[in-house]
$ cat work_6.tsv   # TSV, C-alpha atoms and all ligand atoms
chain	number	residue	atom	x	y	z
A	1	MET	CA	-7.12	11.91	-161.57
A	2	THR	CA	-3.92	10.82	-159.80
A	3	ASN	CA	-2.29	8.07	-161.81
A	4	PRO	CA	1.09	7.42	-160.26
A	5	LYS	CA	3.73	5.51	-162.21
A	6	THR	CA	5.19	3.98	-159.05
A	7	VAL	CA	4.29	3.67	-155.39
A	8	LEU	CA	6.19	2.12	-152.47
A	9	VAL	CA	4.39	-0.06	-149.94
A	10	THR	CA	6.31	-0.88	-146.75
A	11	GLY	CA	5.11	-3.92	-144.82
A	12	CYS	CA	3.52	-5.32	-148.00
A	13	ALA	CA	3.48	-8.88	-146.56
A	14	GLY	CA	1.55	-7.84	-143.47
A	15	PHE	CA	-2.18	-7.87	-142.81
A	16	ILE	CA	-3.07	-4.35	-143.96
A	17	GLY	CA	-0.21	-4.02	-146.48
A	18	SER	CA	-1.23	-7.18	-148.35
A	19	ASN	CA	-4.91	-6.17	-148.45
A	20	PHE	CA	-3.84	-2.76	-149.68
A	21	VAL	CA	-1.78	-4.22	-152.54
A	22	GLN	CA	-4.65	-6.48	-153.66
A	23	GLN	CA	-7.06	-3.61	-153.98
A	24	PHE	CA	-4.68	-0.95	-155.15
A	25	LYS	CA	-3.55	-3.01	-158.12
A	26	ASN	CA	-7.17	-3.47	-159.24
A	27	GLN	CA	-7.84	0.24	-159.01
A	28	TYR	CA	-4.49	1.29	-160.51
A	29	PRO	CA	-3.47	-1.57	-162.82
A	30	LYS	CA	-0.84	0.51	-164.60
A	31	THR	CA	0.98	1.63	-161.46
A	32	LYS	CA	4.13	-0.26	-160.50
A	33	ILE	CA	4.00	-1.38	-156.88
A	34	ILE	CA	7.33	-1.65	-155.10
A	35	GLY	CA	7.27	-3.49	-151.78
A	36	ILE	CA	9.61	-3.97	-148.86
A	37	ASP	CA	9.20	-6.37	-145.95
A	38	ASN	CA	11.49	-8.46	-143.76
A	39	PHE	CA	8.78	-10.99	-142.76
A	40	SER	CA	9.20	-10.27	-139.07
A	41	THR	CA	5.43	-10.44	-138.63
A	42	GLY	CA	4.44	-10.70	-142.31
A	43	ARG	CA	3.99	-13.89	-144.34
A	44	LYS	CA	5.44	-15.00	-147.64
A	45	ASP	CA	2.09	-16.35	-148.81
A	46	ALA	CA	0.55	-12.89	-148.40
A	47	LEU	CA	2.94	-11.40	-150.95
A	48	ASP	CA	1.29	-10.48	-154.22
A	49	SER	CA	3.20	-11.66	-157.29
A	50	SER	CA	2.67	-8.32	-159.04
A	51	VAL	CA	4.83	-6.52	-156.46
A	52	ILE	CA	8.46	-5.70	-157.25
A	53	PHE	CA	9.63	-7.00	-153.93
A	54	TYR	CA	12.67	-6.26	-151.78
A	55	ARG	CA	13.24	-8.51	-148.81
A	56	GLY	CA	14.92	-6.45	-146.12
A	57	SER	CA	14.51	-4.01	-143.31
A	58	ILE	CA	13.39	-0.39	-143.41
A	59	LEU	CA	16.37	0.16	-141.10
A	60	ASP	CA	18.78	-0.74	-143.92
A	61	ALA	CA	19.77	2.70	-145.22
A	62	LYS	CA	21.65	1.32	-148.25
A	63	LEU	CA	18.72	-0.81	-149.33
A	64	LEU	CA	16.30	2.10	-148.95
A	65	ASP	CA	18.52	4.36	-151.02
A	66	LYS	CA	18.74	1.70	-153.74
A	67	ILE	CA	14.95	1.29	-153.82
A	68	PHE	CA	14.22	5.02	-153.95
A	69	PHE	CA	17.00	5.71	-156.48
A	70	THR	CA	15.92	2.86	-158.79
A	71	HIS	CA	12.16	3.36	-158.68
A	72	LYS	CA	11.52	6.97	-157.65
A	73	PRO	CA	8.15	6.23	-156.00
A	74	GLU	CA	5.66	9.09	-156.15
A	75	TYR	CA	3.76	7.98	-153.03
A	76	VAL	CA	4.88	6.01	-149.99
A	77	PHE	CA	2.38	3.96	-148.00
A	78	HIS	CA	4.10	3.17	-144.73
A	79	PHE	CA	2.55	0.11	-143.07
A	80	ALA	CA	5.73	-1.62	-141.82
A	81	ALA	CA	5.99	-1.75	-138.06
A	82	LEU	CA	6.28	-4.01	-135.06
A	83	PRO	CA	2.70	-3.31	-134.06
A	84	ARG	CA	1.93	-5.31	-130.94
A	85	VAL	CA	1.45	-3.39	-127.69
A	86	SER	CA	2.56	-6.16	-125.33
A	87	TYR	CA	5.55	-7.03	-127.54
A	88	SER	CA	6.62	-3.39	-127.33
A	89	VAL	CA	6.45	-3.54	-123.53
A	90	GLU	CA	8.80	-6.53	-123.60
A	91	HIS	CA	11.06	-5.09	-126.32
A	92	PRO	CA	11.01	-1.29	-126.05
A	93	ARG	CA	14.38	-0.72	-127.76
A	94	GLN	CA	13.86	-3.05	-130.74
A	95	THR	CA	10.35	-1.75	-131.39
A	96	SER	CA	11.52	1.88	-131.04
A	97	GLU	CA	14.18	1.26	-133.67
A	98	VAL	CA	11.73	-0.10	-136.22
A	99	ASN	CA	8.75	2.08	-135.40
A	100	ILE	CA	10.56	5.39	-134.90
A	101	LEU	CA	13.91	5.18	-136.71
A	102	GLY	CA	12.42	3.14	-139.56
A	103	THR	CA	9.80	5.83	-140.09
A	104	VAL	CA	12.38	8.63	-139.96
A	105	ALA	CA	14.60	6.74	-142.43
A	106	LEU	CA	11.69	6.50	-144.87
A	107	LEU	CA	10.81	10.17	-144.38
A	108	GLU	CA	14.42	11.13	-145.16
A	109	MET	CA	14.39	9.10	-148.37
A	110	SER	CA	10.98	10.48	-149.33
A	111	LYS	CA	12.31	14.02	-148.92
A	112	LYS	CA	15.53	13.23	-150.80
A	113	TYR	CA	13.74	11.63	-153.75
A	114	LYS	CA	10.88	14.15	-153.87
A	115	VAL	CA	7.99	11.87	-153.00
A	116	LYS	CA	4.64	13.63	-153.54
A	117	ARG	CA	3.06	12.37	-150.33
A	118	PHE	CA	4.01	10.10	-147.43
A	119	ILE	CA	1.01	8.25	-145.99
A	120	TYR	CA	1.61	7.06	-142.44
A	121	SER	CA	-0.26	4.34	-140.53
A	122	SER	CA	-0.86	5.51	-136.98
A	123	THR	CA	-3.07	4.17	-134.24
A	124	SER	CA	-5.76	5.21	-131.78
A	125	ALA	CA	-3.38	3.90	-129.09
A	126	VAL	CA	-1.78	7.38	-129.12
A	127	TYR	CA	-4.91	8.71	-127.36
A	128	GLY	CA	-4.42	6.49	-124.32
A	129	ASN	CA	-7.68	6.70	-122.40
A	130	ALA	CA	-9.42	9.30	-124.54
A	131	LYS	CA	-11.62	11.56	-122.45
A	132	GLN	CA	-14.23	12.32	-125.09
A	133	LEU	CA	-16.39	9.87	-127.03
A	134	PRO	CA	-16.67	9.87	-129.98
A	135	THR	CA	-13.02	10.87	-129.94
A	136	LYS	CA	-12.10	13.93	-132.00
A	137	GLU	CA	-8.50	14.51	-133.02
A	138	SER	CA	-8.48	18.14	-131.84
A	139	GLU	CA	-10.05	17.57	-128.41
A	140	ASN	CA	-7.94	14.64	-127.28
A	141	HIS	CA	-4.24	15.18	-126.96
A	142	PRO	CA	-1.87	12.24	-127.18
A	143	ASP	CA	-1.46	10.36	-123.93
A	144	PRO	CA	0.42	7.22	-124.94
A	145	LYS	CA	0.39	4.38	-122.45
A	146	SER	CA	2.81	1.92	-124.03
A	147	PRO	CA	6.12	1.97	-125.91
A	148	TYR	CA	4.18	1.17	-129.10
A	149	ALA	CA	1.87	4.16	-128.62
A	150	ILE	CA	4.83	6.47	-127.89
A	151	GLN	CA	6.62	5.21	-131.02
A	152	LYS	CA	3.60	5.72	-133.26
A	153	CYS	CA	3.04	9.15	-131.76
A	154	ALA	CA	6.68	10.06	-132.43
A	155	GLY	CA	6.14	8.99	-136.05
A	156	GLU	CA	3.23	11.43	-136.32
A	157	TYR	CA	5.36	14.29	-134.97
A	158	PHE	CA	8.12	13.45	-137.44
A	159	CYS	CA	5.63	13.46	-140.32
A	160	LYS	CA	4.39	16.90	-139.28
A	161	LEU	CA	7.94	18.16	-138.90
A	162	PHE	CA	8.98	16.92	-142.33
A	163	SER	CA	5.97	18.74	-143.79
A	164	GLU	CA	6.49	22.01	-141.92
A	165	LEU	CA	10.26	22.16	-141.97
A	166	LEU	CA	11.25	20.30	-145.10
A	167	GLY	CA	8.26	20.63	-147.43
A	168	LEU	CA	7.47	16.91	-147.74
A	169	ASP	CA	3.71	16.40	-147.83
A	170	THR	CA	2.58	13.83	-145.26
A	171	VAL	CA	-0.62	12.60	-143.66
A	172	CYS	CA	-1.17	10.42	-140.58
A	173	LEU	CA	-4.09	8.01	-140.52
A	174	ARG	CA	-5.04	6.93	-137.00
A	175	TYR	CA	-6.69	3.51	-137.27
A	176	PHE	CA	-8.75	2.02	-134.46
A	177	ASN	CA	-9.41	-1.78	-134.36
A	178	ILE	CA	-9.10	-3.47	-137.71
A	179	PHE	CA	-10.13	-6.96	-138.78
A	180	GLY	CA	-10.47	-8.91	-142.00
A	181	PRO	CA	-8.98	-11.57	-144.27
A	182	GLY	CA	-5.25	-12.04	-143.83
A	183	GLN	CA	-5.37	-11.46	-140.09
A	184	TYR	CA	-4.32	-14.70	-138.43
A	185	GLY	CA	-5.59	-15.47	-134.96
A	186	ASP	CA	-2.89	-17.83	-133.75
A	187	SER	CA	-0.51	-15.40	-132.08
A	188	PRO	CA	-0.67	-14.29	-128.43
A	189	TYR	CA	-1.19	-10.76	-129.78
A	190	SER	CA	-4.25	-11.54	-131.94
A	191	THR	CA	-7.30	-9.33	-131.71
A	192	VAL	CA	-10.68	-10.68	-130.67
A	193	VAL	CA	-12.25	-11.30	-134.11
A	194	SER	CA	-9.32	-13.24	-135.54
A	195	ALA	CA	-8.59	-15.07	-132.28
A	196	TRP	CA	-12.17	-16.28	-131.91
A	197	LEU	CA	-12.47	-17.35	-135.55
A	198	GLU	CA	-9.15	-19.16	-135.24
A	199	ALA	CA	-10.54	-21.01	-132.18
A	200	ILE	CA	-13.62	-22.04	-134.18
A	201	TYR	CA	-11.87	-23.11	-137.38
A	202	PHE	CA	-8.52	-24.26	-136.00
A	203	PRO	CA	-9.19	-25.33	-132.40
A	204	LYS	CA	-5.75	-26.94	-132.19
A	205	ASN	CA	-4.13	-23.51	-132.70
A	206	LYS	CA	-6.14	-21.49	-130.27
A	207	LYS	CA	-8.41	-21.64	-127.23
A	208	ALA	CA	-10.77	-18.70	-127.04
A	209	PHE	CA	-11.21	-16.54	-123.96
A	210	ILE	CA	-13.04	-13.39	-122.92
A	211	GLU	CA	-11.73	-10.74	-120.57
A	212	GLY	CA	-14.21	-9.00	-118.28
A	213	ASP	CA	-17.97	-8.97	-118.78
A	214	GLY	CA	-17.89	-8.50	-122.56
A	215	ASN	CA	-19.80	-5.23	-122.39
A	216	GLN	CA	-16.70	-3.23	-123.26
A	217	SER	CA	-17.04	-1.78	-126.76
A	218	ARG	CA	-14.64	-0.98	-129.57
A	219	ASP	CA	-14.74	0.88	-132.85
A	220	PHE	CA	-14.00	-1.97	-135.27
A	221	SER	CA	-13.34	-1.41	-138.93
A	222	TYR	CA	-13.16	-3.88	-141.78
A	223	VAL	CA	-9.78	-3.71	-143.51
A	224	ASP	CA	-11.22	-2.53	-146.86
A	225	ASN	CA	-12.23	0.73	-145.20
A	226	ILE	CA	-8.63	1.31	-144.15
A	227	VAL	CA	-7.40	0.55	-147.67
A	228	LEU	CA	-9.95	3.01	-149.03
A	229	ALA	CA	-8.72	5.75	-146.69
A	230	ASN	CA	-5.13	5.20	-147.85
A	231	ILE	CA	-6.12	5.48	-151.50
A	232	LEU	CA	-8.17	8.63	-150.83
A	233	ALA	CA	-5.20	10.08	-148.95
A	234	MET	CA	-3.08	9.57	-152.07
A	235	GLU	CA	-5.72	11.00	-154.40
A	236	SER	CA	-6.40	14.14	-152.38
A	237	LYS	CA	-5.58	17.33	-154.27
A	238	LYS	CA	-5.09	19.24	-151.00
A	239	ASP	CA	-1.80	19.85	-149.28
A	240	LEU	CA	-2.24	17.60	-146.24
A	241	GLY	CA	0.78	18.99	-144.35
A	242	GLY	CA	1.04	16.36	-141.60
A	243	GLU	CA	-2.68	16.33	-140.77
A	244	ILE	CA	-3.84	13.61	-138.37
A	245	LEU	CA	-7.09	11.87	-139.28
A	246	ASN	CA	-9.07	9.23	-137.39
A	247	ILE	CA	-9.91	6.35	-139.69
A	248	SER	CA	-12.50	3.85	-138.55
A	249	ASP	CA	-16.24	3.24	-138.83
A	250	GLY	CA	-17.26	5.66	-136.09
A	251	CYS	CA	-19.34	2.90	-134.47
A	252	LYS	CA	-19.12	1.05	-131.21
A	253	ILE	CA	-19.72	-2.63	-130.94
A	254	THR	CA	-19.54	-4.68	-127.76
A	255	ILE	CA	-17.44	-7.79	-127.45
A	256	ASN	CA	-20.63	-9.74	-126.57
A	257	LYS	CA	-22.26	-8.59	-129.82
A	258	ILE	CA	-19.21	-9.79	-131.77
A	259	LYS	CA	-19.63	-13.19	-130.14
A	260	LYS	CA	-23.30	-13.31	-131.19
A	261	LEU	CA	-22.53	-12.38	-134.80
A	262	ILE	CA	-19.71	-14.88	-135.08
A	263	GLU	CA	-21.99	-17.63	-133.75
A	264	LYS	CA	-24.77	-16.56	-136.11
A	265	TYR	CA	-22.64	-16.67	-139.26
A	266	THR	CA	-20.42	-19.64	-138.44
A	267	HIS	CA	-23.40	-21.63	-137.05
A	268	GLN	CA	-21.17	-22.71	-134.19
A	269	GLU	CA	-21.12	-22.02	-130.51
A	270	LEU	CA	-18.12	-20.12	-129.24
A	271	ILE	CA	-16.93	-21.61	-125.95
A	272	LEU	CA	-15.04	-18.92	-124.07
A	273	GLU	CA	-12.85	-19.25	-121.01
A	274	LYS	CA	-13.67	-16.34	-118.66
A	275	ARG	CA	-10.77	-14.19	-117.54
A	276	PRO	CA	-10.68	-11.02	-115.45
A	277	SER	CA	-10.51	-7.62	-117.18
A	278	ARG	CA	-7.03	-6.64	-118.26
A	279	LEU	CA	-5.44	-4.08	-115.96
A	280	GLY	CA	-5.87	-0.62	-117.48
A	281	ASP	CA	-8.07	-1.91	-120.28
A	282	VAL	CA	-10.11	0.85	-121.90
A	283	ARG	CA	-13.88	0.42	-121.49
A	284	ARG	CA	-14.97	1.99	-124.77
A	285	THR	CA	-13.45	3.39	-127.95
A	286	GLN	CA	-15.21	5.25	-130.71
A	287	ALA	CA	-13.73	7.47	-133.38
A	288	ASP	CA	-15.13	10.76	-134.58
A	289	ILE	CA	-14.46	10.53	-138.33
A	290	VAL	CA	-15.86	13.91	-139.39
A	291	LYS	CA	-12.40	15.31	-140.20
A	292	ALA	CA	-11.56	12.43	-142.56
A	293	LYS	CA	-14.98	12.81	-144.18
A	294	LYS	CA	-14.41	16.51	-144.78
A	295	LEU	CA	-10.77	16.36	-145.81
A	296	LEU	CA	-10.69	13.14	-147.84
A	297	GLY	CA	-14.35	12.44	-148.57
A	298	TYR	CA	-13.87	9.24	-146.54
A	299	ASN	CA	-16.92	7.10	-145.87
A	300	PRO	CA	-16.54	3.51	-144.68
A	301	GLN	CA	-17.93	1.18	-147.34
A	302	VAL	CA	-18.21	-2.16	-145.55
A	303	ASN	CA	-20.11	-2.30	-142.26
A	304	PHE	CA	-19.16	-4.55	-139.36
A	305	GLU	CA	-21.64	-7.33	-140.12
A	306	GLU	CA	-20.67	-7.52	-143.80
A	307	GLY	CA	-17.03	-7.49	-142.75
A	308	ILE	CA	-17.55	-10.41	-140.37
A	309	LYS	CA	-19.19	-12.44	-143.15
A	310	LYS	CA	-16.28	-11.78	-145.52
A	311	THR	CA	-13.74	-12.63	-142.82
A	312	ILE	CA	-15.54	-15.90	-142.08
A	313	GLN	CA	-15.41	-16.78	-145.79
A	314	TRP	CA	-11.64	-16.32	-145.68
A	315	PHE	CA	-11.31	-18.60	-142.63
A	316	GLU	CA	-13.45	-21.21	-144.38
A	317	LEU	CA	-11.18	-21.13	-147.43
A	318	ARG	CA	-8.11	-21.47	-145.21
A	319	LYS	CA	-9.57	-24.64	-143.75
A	320	ILE	CA	-9.80	-26.38	-147.12
A	401	LIG	N1	-4.09	-4.02	-137.34
A	401	LIG	C1	-4.56	-3.04	-136.58
A	401	LIG	O1	-5.61	-3.18	-135.92
A	401	LIG	C2	-3.85	-1.69	-136.56
A	401	LIG	C3	-4.44	-0.65	-135.80
A	401	LIG	C4	-3.80	0.59	-135.77
A	401	LIG	C5	-2.64	0.79	-136.50
A	401	LIG	N2	-2.09	-0.22	-137.22
A	401	LIG	C6	-0.84	0.07	-137.97
A	401	LIG	O2	-1.01	-0.38	-139.29
A	401	LIG	C7	0.24	-0.86	-139.81
A	401	LIG	C8	0.07	-2.26	-140.38
A	401	LIG	O3	-0.38	-3.12	-139.34
A	401	LIG	P1	-0.74	-4.66	-139.58
A	401	LIG	O4	-1.87	-5.00	-138.70
A	401	LIG	O5	-0.83	-4.92	-141.04
A	401	LIG	O6	0.57	-5.35	-138.97
A	401	LIG	P2	1.41	-6.59	-139.54
A	401	LIG	O7	2.30	-7.00	-138.41
A	401	LIG	O8	0.51	-7.61	-140.13
A	401	LIG	O9	2.26	-5.93	-140.70
A	401	LIG	C9	3.45	-5.20	-140.49
A	401	LIG	C10	4.43	-5.61	-141.57
A	401	LIG	O10	5.64	-4.87	-141.41
A	401	LIG	C11	6.73	-5.78	-141.60
A	401	LIG	N3	7.92	-5.27	-140.89
A	401	LIG	C12	8.12	-5.20	-139.56
A	401	LIG	N4	9.34	-4.70	-139.30
A	401	LIG	C13	9.91	-4.44	-140.49
A	401	LIG	C14	11.17	-3.93	-140.88
A	401	LIG	N5	12.10	-3.57	-139.97
A	401	LIG	N6	11.44	-3.80	-142.19
A	401	LIG	C15	10.52	-4.17	-143.13
A	401	LIG	N7	9.32	-4.67	-142.82
A	401	LIG	C16	9.02	-4.81	-141.51
A	401	LIG	C17	6.23	-7.10	-141.03
A	401	LIG	O11	6.99	-8.22	-141.48
A	401	LIG	C18	4.80	-7.10	-141.52
A	401	LIG	O12	4.68	-7.69	-142.79
A	401	LIG	C19	1.24	-0.77	-138.66
A	401	LIG	O13	2.01	0.39	-138.84
A	401	LIG	C20	0.38	-0.65	-137.42
A	401	LIG	O14	1.02	0.08	-136.42
A	401	LIG	C21	-2.67	-1.45	-137.26
$ encode --input "work_6.tsv" --output "structure tokens"
Amino acid sequence: MTNPKTVLVTGCAGFIGSNFVQQFKNQYPKTKIIGIDNFSTGRKDALDSSVIFYRGSILDAKLLDKIFFTHKPEYVFHFAALPRVSYSVEHPRQTSEVNILGTVALLEMSKKYKVKRFIYSSTSAVYGNAKQLPTKESENHPDPKSPYAIQKCAGEYFCKLFSELLGLDTVCLRYFNIFGPGQYGDSPYSTVVSAWLEAIYFPKNKKAFIEGDGNQSRDFSYVDNIVLANILAMESKKDLGGEILNISDGCKITINKIKKLIEKYTHQELILEKRPSRLGDVRRTQADIVKAKKLLGYNPQVNFEEGIKKTIQWFELRKI
């Protein structure tokens, strides 16, 4: 069994990074977790006290060298990013720096300090409007439609290149829509689950709305399933060589069904302002997760309904 002495988690104060730390430390209590974050979208209260934490940017070459030299992490989990599509449209240069150059900087350090595997967080946004559903990695070539998608796609190519050219083992996990505790719904970039729960529990922060008829569907995954995939990607005995793997539940759930479930488990009615469909909005997404099943033995553990209940519990605790 893999039992690393030290791992590095970038973006450890963010939504997925903080959930990852929580669960990783329970599964690997002897492993030292080093974290880096500059709190650009992350939160101080999400930081786990067990993390040896560096406040700073992944663009700071000196800081990265110090971290890698001091701790020699065996695995790097790269969650740090500026991950909002519309923000990337407004700030293409800044987001390219963090999402592309930040990734390349970490790959360089990982190569220099002989990291065993670099685990990269990618996104289904690289598919653009995927032609096939469920979407298979091999049948749907990247067709990015935003700066964010281009940046994440570039990160995947760099991972592959570092594996092929420089012998650093890497793997790219393409997540679809993720939700769960730690995802706040009060920003203009919030996704539907967190935004609607925010509107129910903190109506002063957020007014809820729906775009289009609500029959559009998405492949939603509870955050624990994403954490699981990252841990399996570390544990794999195979050489992953830059492989790209869809990570989600492989299901499709309509926005209207989400509304029903939220109302059922919060016992409250969700009042939604109706808005027209967003221009260019994709009608349906659904991942084919066969490759991740075969290569990593990945199987999502928490289904959508269970995930919603756990997320509601977290919102209820926040209210107290
Ligand atoms: N949440 C989703 O639905 C989703 C879907 C697909 C892919 N992803 C990817 O998963 C990863 C994590 O996403 P998330 O939802 O947790 O986002 P998040 O915004 O909650 O977390 C990102 C973290 O990175 C940190 N960060 C940003 N720029 C940094 C920098 N220059 N230096 C150091 N830290 C920096 C932020 O402060 C934040 O804590 C991202 O790479 C994102 O692209 C997320």
$ residues_near_ligand --input "work_6.tsv" --ligand "ligand LIG 401 (chain A)" --cutoff "7 Å" --atoms "all atoms listed in the file" --output "NGL selection string"
:A and (10-17 or 36-43 or 56-59 or 78-83 or 98 or 102 or 121-124 or 152 or 174-179)
$ write_last_selection --input "work_6.tsv" --atoms "C-alpha atoms" --output "compact mmCIF listing (two decimals), in the frame of the given file"
# COMPACT_ATOMS: atom_id res chain seq x y z
CA THR A 10 6.31 -0.88 -146.75
CA GLY A 11 5.11 -3.92 -144.82
CA CYS A 12 3.52 -5.32 -148.00
CA ALA A 13 3.48 -8.88 -146.56
CA GLY A 14 1.55 -7.84 -143.47
CA PHE A 15 -2.18 -7.87 -142.81
CA ILE A 16 -3.07 -4.35 -143.96
CA GLY A 17 -0.21 -4.02 -146.48
CA ILE A 36 9.61 -3.97 -148.86
CA ASP A 37 9.20 -6.37 -145.95
CA ASN A 38 11.49 -8.46 -143.76
CA PHE A 39 8.78 -10.99 -142.76
CA SER A 40 9.20 -10.27 -139.07
CA THR A 41 5.43 -10.44 -138.63
CA GLY A 42 4.44 -10.70 -142.31
CA ARG A 43 3.99 -13.89 -144.34
CA GLY A 56 14.92 -6.45 -146.12
CA SER A 57 14.51 -4.01 -143.31
CA ILE A 58 13.39 -0.39 -143.41
CA LEU A 59 16.37 0.16 -141.10
CA HIS A 78 4.10 3.17 -144.73
CA PHE A 79 2.55 0.11 -143.07
CA ALA A 80 5.73 -1.62 -141.82
CA ALA A 81 5.99 -1.75 -138.06
CA LEU A 82 6.28 -4.01 -135.06
CA PRO A 83 2.70 -3.31 -134.06
CA VAL A 98 11.73 -0.10 -136.22
CA GLY A 102 12.42 3.14 -139.56
CA SER A 121 -0.26 4.34 -140.53
CA SER A 122 -0.86 5.51 -136.98
CA THR A 123 -3.07 4.17 -134.24
CA SER A 124 -5.76 5.21 -131.78
CA LYS A 152 3.60 5.72 -133.26
CA ARG A 174 -5.04 6.93 -137.00
CA TYR A 175 -6.69 3.51 -137.27
CA PHE A 176 -8.75 2.02 -134.46
CA ASN A 177 -9.41 -1.78 -134.36
CA ILE A 178 -9.10 -3.47 -137.71
CA PHE A 179 -10.13 -6.96 -138.78
$ closest_residue --input "work_6.tsv" --among "A:Leu106, A:Ile67, A:Val115, A:Val126" --to "A:Lys145" --atoms "all atoms listed in the file"
A:Val126
$ axis_aligned_box --input "work_6.tsv" --around "stretch 227-245 of chain A" --padding-each-side "4 Å" --output "JSON"
{"center_x": -4.5, "center_y": 10.2, "center_z": -146.4, "size_x": 19.0, "size_y": 27.3, "size_z": 24.0}
$ residues_around --input "work_6.tsv" --residues "A:His71" --least-positions-apart "3" --cutoff "8 Å" --atoms "only C-alpha atoms" --output "list in words"
Thr6, Ile34, Ile67 and Phe68 of chain A
$ residues_near_point --input "work_6.tsv" --point "(-7.7, 2.6, -148.7)" --cutoff "12 Å" --atoms "all atoms listed in the file" --output "PyMOL selection string"
chain A and resi 16-25+27+77+79+119+121+173+175+221-235+247-248+296-302
$ closest_residue --input "work_6.tsv" --among "A:Asn140, A:Ala292, A:Glu305, A:Thr70" --to "A:Ser236" --atoms "all atoms listed in the file"
A:Ala292
$ residues_around --input "work_6.tsv" --residues "A:Phe304" --least-positions-apart "2" --cutoff "9 Å" --atoms "only C-alpha atoms" --output "PDB file with C-alpha atoms, in the coordinates of the input"
ATOM      1  CA  PHE A 220     -14.000  -1.970-135.270  1.00  0.00           C
ATOM      2  CA  SER A 221     -13.340  -1.410-138.930  1.00  0.00           C
ATOM      3  CA  TYR A 222     -13.160  -3.880-141.780  1.00  0.00           C
ATOM      4  CA  ASP A 249     -16.240   3.240-138.830  1.00  0.00           C
ATOM      5  CA  CYS A 251     -19.340   2.900-134.470  1.00  0.00           C
ATOM      6  CA  ILE A 253     -19.720  -2.630-130.940  1.00  0.00           C
ATOM      7  CA  VAL A 302     -18.210  -2.160-145.550  1.00  0.00           C
ATOM      8  CA  GLU A 306     -20.670  -7.520-143.800  1.00  0.00           C
ATOM      9  CA  GLY A 307     -17.030  -7.490-142.750  1.00  0.00           C
ATOM     10  CA  ILE A 308     -17.550 -10.410-140.370  1.00  0.00           C
ATOM     11  CA  LYS A 309     -19.190 -12.440-143.150  1.00  0.00           C
TER      12      LYS A 309
END
$ closest_residue --input "work_6.tsv" --among "A:Pro276, A:Val89, A:Pro4, A:Gly182" --to "A:Ser194" --atoms "only C-alpha atoms"
A:Gly182
$ residues_near_point --input "work_6.tsv" --point "(5.3, -0.2, -130.5)" --cutoff "6 Å" --atoms "all atoms listed in the file" --output "ChimeraX atom specification"
/A:83,85,88,95,147-149,151
$ atom_distance --input "work_6.tsv" --atom1 "atom CA of A:Glu139" --atom2 "atom CA of A:Arg117"
26.1 Å
$ closest_residue --input "work_6.tsv" --among "A:Asn303, A:Thr103, A:Ser50, A:Gln216" --to "A:Leu64" --atoms "all atoms listed in the file"
A:Thr103
$ closest_residue --input "work_6.tsv" --among "A:Ile244, A:Ile200, A:Val193, A:Cys172" --to "A:Thr311" --atoms "all atoms listed in the file"
A:Val193
$ atom_distance --input "work_6.tsv" --atom1 "atom CA of A:Ala195" --atom2 "atom CA of A:Gln286"
21.4 Å
$ atom_distance --input "work_6.tsv" --atom1 "atom CA of A:Glu108" --atom2 "atom CA of A:Asp169"
12.2 Å
$ closest_residue --input "work_6.tsv" --among "A:Pro188, A:Pro134, A:Pro73, A:Gly241" --to "A:Lys206" --atoms "all atoms listed in the file"
A:Pro188
$ build_atoms --input "work_6.tsv" --residues "stretch 133-142 of chain A" --atoms "N, CA and C atoms" --output "short mmCIF file (atom, residue, chain, number, x, y, z; two decimals), in the frame of the given file"
data_model
loop_
_atom_site.label_atom_id
_atom_site.label_comp_id
_atom_site.auth_asym_id
_atom_site.auth_seq_id
_atom_site.Cartn_x
_atom_site.Cartn_y
_atom_site.Cartn_z
N LEU A 133 -15.88 10.85 -126.06
CA LEU A 133 -16.39 9.87 -127.03
C LEU A 133 -17.57 10.48 -127.79
N PRO A 134 -17.71 10.33 -129.08
CA PRO A 134 -16.67 9.87 -129.98
C PRO A 134 -15.44 10.77 -129.92
N THR A 135 -14.29 10.17 -130.13
CA THR A 135 -13.02 10.87 -129.94
C THR A 135 -12.65 11.72 -131.17
N LYS A 136 -12.52 13.00 -130.93
CA LYS A 136 -12.10 13.93 -132.00
C LYS A 136 -10.60 14.15 -131.90
N GLU A 137 -9.94 14.30 -133.02
CA GLU A 137 -8.50 14.51 -133.02
C GLU A 137 -8.13 15.75 -132.21
N SER A 138 -8.88 16.84 -132.42
CA SER A 138 -8.48 18.14 -131.84
C SER A 138 -8.74 18.21 -130.33
N GLU A 139 -9.68 17.43 -129.83
CA GLU A 139 -10.05 17.57 -128.41
C GLU A 139 -9.31 16.60 -127.50
N ASN A 140 -8.59 15.67 -128.09
CA ASN A 140 -7.94 14.64 -127.28
C ASN A 140 -6.46 14.59 -127.60
N HIS A 141 -5.68 15.13 -126.70
CA HIS A 141 -4.24 15.18 -126.96
C HIS A 141 -3.61 13.82 -126.70
N PRO A 142 -2.51 13.55 -127.38
CA PRO A 142 -1.87 12.24 -127.18
C PRO A 142 -1.54 12.00 -125.72
#
